[in-house]
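See below for the structure under consideration.
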Amino acid sequence: MEEGVKLEGMPIEKMLPEEVENVIDGLSKREELSPRNAFIDRKSGEIVPEVQGKKIHRSLTLNKVMAAEPGDRVSLKLVEIEPEITANLLRSINQPIGYYHTYLGPGNGGRVNNIKVATRALNNVLVAPGEIFSFNQTTGARTMERGYQLAPIMVGDQVVPGLGGGICQVSSTLYNAVMDADLEIIERSPHSLPVNYVPRGRDATVSDFIDFKFRNNSDQYILIKTSNEGYRVNVSIFSN
């Protein structure tokens with residue numbers, strides 16, 4: 001190594017290549033940055049832009065150092081890393097491919113509350129090509145801490161109070177929207193008793209042990225949009 005050579009201001013003269021590599025590794029903690037995907041704020045619906053990542057190209061940096069002239073000031077060779085999901089990609093997911101709604105009805109009882117909690121949990125969910133969507137995983141545990149209340153649920157051929165009662169209307173509405181979008185159903189179970197919010201055979205029950213799952217079998221990202229406007233459970237699916 002030539003005399004007076006510095007890497008990012010650090011003296012490295014007389015160092016062996018492996019010693020320079022150790023310096024580069026130390027600088028990586030300060031200089032490298034993981035990329036961050038753009039995402040949709042679940043509450044506001046606003047798109048939060050992506051952040052580019054950067055990584056040290058170690059071999060090119062080492063080559064620059066080893067070829068430096070006496071007194072040279074060498075800078076790191078950085079490579080930009082593009083996030084997989086950009087704001088432009090999210091803005092392009094605006095083509096409706098599936099829709100369904102069911103009637104919620106007026107009121108603010110436990111059942112209506114639970115439907116609204118589950119509906120909000122599905123809003124602005126992005127599903128990648130080939131990804132399997134899970135209703136239970138996306139909406140989370142039905143607990144009081146998450147805002148769920150007691151309401152009627154079906155257990156076998158009986159209707160009894162249960163935490164989160166009513167959310168099957170949300171999963172059933174989603175199921176019909178997924179069918180309309182011609183996506184692949186992976187897991188779906190009917191109720192043990194008839195329901196009045198979808199036609200017979202078009203329901204999808206969920207519980208702690210039963211899930212509704214589908215696969216995004218397209219080659220594009222899809223976006224799920226939900227709302228409870230107009231006393232309804234509205235589910236729209238968009239693609240680009």
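Letters for chains follow the order of the structure tokens (A, B, ...), residue numbers begin at 1 for each chain, and ligand numbers begin at 1 in the order shown.
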
Which of region 94-186 of chain A DSSP labels strand (DSSP E or B), written as a ChimeraX atom specification = /A:95-103,125-127,132-134,150-155,158-163,184-186

Using only C-alpha atoms, find each residue in region 143-192 of chain A having at least one atom no more than 9 Å away from region 91-97 of chain A; report its shortest atom-to-atom pair and that distance in Å (one decimal), rows by chain then rising number, as a tab-separated table.
residue	atom	partner	partner_atom	distance
A:Ala177	CA	A:Ile97	CA	8.8
A:Val178	CA	A:Ile97	CA	9.0
A:Asp180	CA	A:Ile97	CA	7.3
A:Ala181	CA	A:Ile97	CA	5.1
A:Asp182	CA	A:Ile97	CA	8.4

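Closest to Met144 (chain A) among A:Pro129, A:Val117, A:Asn217, A:Phe39 is A:Val117, based on only C-alpha atoms.
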
Could you name the residues that touch Lys14 (chain A) at 12 Å or less, counting only C-alpha atoms, but leaving out those on the same chain fewer than 3 positions away, as a VMD selection string?
-> chain A and resid 1 to 6 11 17 to 20 65 to 66 70

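The list of residues with at least one atom within 8 Å of Asn114 (chain A), based on only C-alpha atoms and without residues fewer than 4 positions apart in the same chain, reads Gly110, Ala118, Gly147, Tyr148, Gln149, Gly164, Gly165, Gly166 and Ile167 of chain A.
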
For Glu229 (chain A), list every protein, DNA or RNA residue within 12 Å, evaluated using only C-alpha atoms, and leave out those in the same chain fewer than 3 positions away; present the list as a PDB file with C-alpha atoms, in the first residue's frame.
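What follows is the written file result12.pdb:
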ATOM      1  CA  HIS A 101     -70.657  -6.194  -1.044  1.00  0.00           C
ATOM      2  CA  THR A 102     -73.017  -7.409   1.644  1.00  0.00           C
ATOM      3  CA  TYR A 103     -75.407  -5.403   3.758  1.00  0.00           C
ATOM      4  CA  LEU A 104     -74.269  -4.544   7.235  1.00  0.00           C
ATOM      5  CA  GLY A 105     -77.426  -2.914   8.514  1.00  0.00           C
ATOM      6  CA  PRO A 106     -77.644   0.034  10.926  1.00  0.00           C
ATOM      7  CA  LYS A 116     -66.049  -2.893  11.201  1.00  0.00           C
ATOM      8  CA  THR A 119     -63.083  -4.642   7.604  1.00  0.00           C
ATOM      9  CA  ARG A 120     -60.516  -2.032   8.631  1.00  0.00           C
ATOM     10  CA  THR A 226     -62.499  -2.301   1.993  1.00  0.00           C
ATOM     11  CA  ARG A 232     -72.406  -2.297   3.737  1.00  0.00           C
ATOM     12  CA  VAL A 233     -69.279  -4.388   3.786  1.00  0.00           C
ATOM     13  CA  ASN A 234     -67.552  -3.356   0.553  1.00  0.00           C
ATOM     14  CA  VAL A 235     -64.576  -5.304  -0.794  1.00  0.00           C
TER      15      VAL A 235
END

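Taking only C-alpha atoms into account, Arg58 (chain A) lies nearest to A:Ile24 out of the set A:Ile24, A:Asp72, A:Glu82, A:Leu163.
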
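Minimum atom-to-atom distances from A:Ala204, A:Ala38, A:Leu76, A:Cys168 to Ile186 (chain A) were compared using only C-alpha atoms, and the lowest value belongs to A:Ala204.
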
Residues within 9 Å of Thr205 (chain A), only C-alpha atoms, excluding chain neighbours under 5 positions, as number ranges by chain | A: 167-169, 171-172, 188-192, 210-212

May I have the residues within 10 Å of Asn216 (chain A) as a PyMOL selection string, using only C-alpha atoms and disregarding those fewer than 3 positions away in the same chain?
-> chain A and resi 127-133+178+181-185+219-222

Going by DSSP on the backbone, which bits of region 54-162 of chain A are helix (DSSP H, G or I)? Write them as a PDB file with C-alpha atoms, in the first residue's frame, please.
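Written out: selection_5.pdb:
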ATOM      1  CA  ARG A  58     -16.234  -4.556  -1.689  1.00  0.00           C
ATOM      2  CA  SER A  59     -14.125  -5.903  -4.540  1.00  0.00           C
ATOM      3  CA  LEU A  60     -14.238  -2.642  -6.544  1.00  0.00           C
ATOM      4  CA  THR A  61     -13.447  -0.601  -3.440  1.00  0.00           C
ATOM      5  CA  LEU A  62     -10.497  -2.862  -2.639  1.00  0.00           C
ATOM      6  CA  ASN A  63      -9.227  -2.584  -6.214  1.00  0.00           C
ATOM      7  CA  LYS A  64      -9.416   1.223  -6.021  1.00  0.00           C
ATOM      8  CA  VAL A  65      -7.429   1.185  -2.799  1.00  0.00           C
ATOM      9  CA  MET A  66      -4.773  -1.166  -4.118  1.00  0.00           C
ATOM     10  CA  ALA A  87     -44.668   4.453  -5.001  1.00  0.00           C
ATOM     11  CA  ASN A  88     -45.149   4.381  -8.775  1.00  0.00           C
ATOM     12  CA  LEU A  89     -45.997   0.681  -8.593  1.00  0.00           C
ATOM     13  CA  LEU A  90     -48.570   1.286  -5.876  1.00  0.00           C
ATOM     14  CA  ARG A  91     -50.114   4.149  -7.840  1.00  0.00           C
ATOM     15  CA  SER A  92     -50.414   1.865 -10.865  1.00  0.00           C
ATOM     16  CA  GLY A 110     -71.159  -6.113  19.092  1.00  0.00           C
ATOM     17  CA  ARG A 111     -71.680  -7.804  15.744  1.00  0.00           C
ATOM     18  CA  VAL A 112     -71.551  -4.544  13.785  1.00  0.00           C
ATOM     19  CA  ASN A 113     -68.499  -3.420  15.768  1.00  0.00           C
ATOM     20  CA  ASN A 114     -66.657  -6.664  15.006  1.00  0.00           C
ATOM     21  CA  ILE A 115     -67.442  -6.409  11.299  1.00  0.00           C
ATOM     22  CA  LYS A 116     -66.049  -2.893  11.201  1.00  0.00           C
ATOM     23  CA  VAL A 117     -62.871  -3.917  13.055  1.00  0.00           C
ATOM     24  CA  ALA A 118     -62.229  -6.789  10.632  1.00  0.00           C
ATOM     25  CA  THR A 119     -63.083  -4.642   7.604  1.00  0.00           C
ATOM     26  CA  ARG A 120     -60.516  -2.032   8.631  1.00  0.00           C
ATOM     27  CA  ALA A 121     -57.885  -4.737   9.100  1.00  0.00           C
ATOM     28  CA  LEU A 122     -58.267  -5.778   5.441  1.00  0.00           C
ATOM     29  CA  PHE A 135     -57.679 -13.985   6.504  1.00  0.00           C
ATOM     30  CA  ASN A 136     -56.766 -14.985  10.060  1.00  0.00           C
ATOM     31  CA  GLN A 137     -53.161 -13.880   9.748  1.00  0.00           C
ATOM     32  CA  THR A 138     -54.144 -10.556   8.178  1.00  0.00           C
ATOM     33  CA  THR A 139     -56.927  -9.639  10.591  1.00  0.00           C
ATOM     34  CA  MET A 144     -60.814  -7.406  23.326  1.00  0.00           C
ATOM     35  CA  GLU A 145     -57.501  -5.544  23.134  1.00  0.00           C
ATOM     36  CA  ARG A 146     -57.904  -5.414  19.353  1.00  0.00           C
TER      37      ARG A 146
END
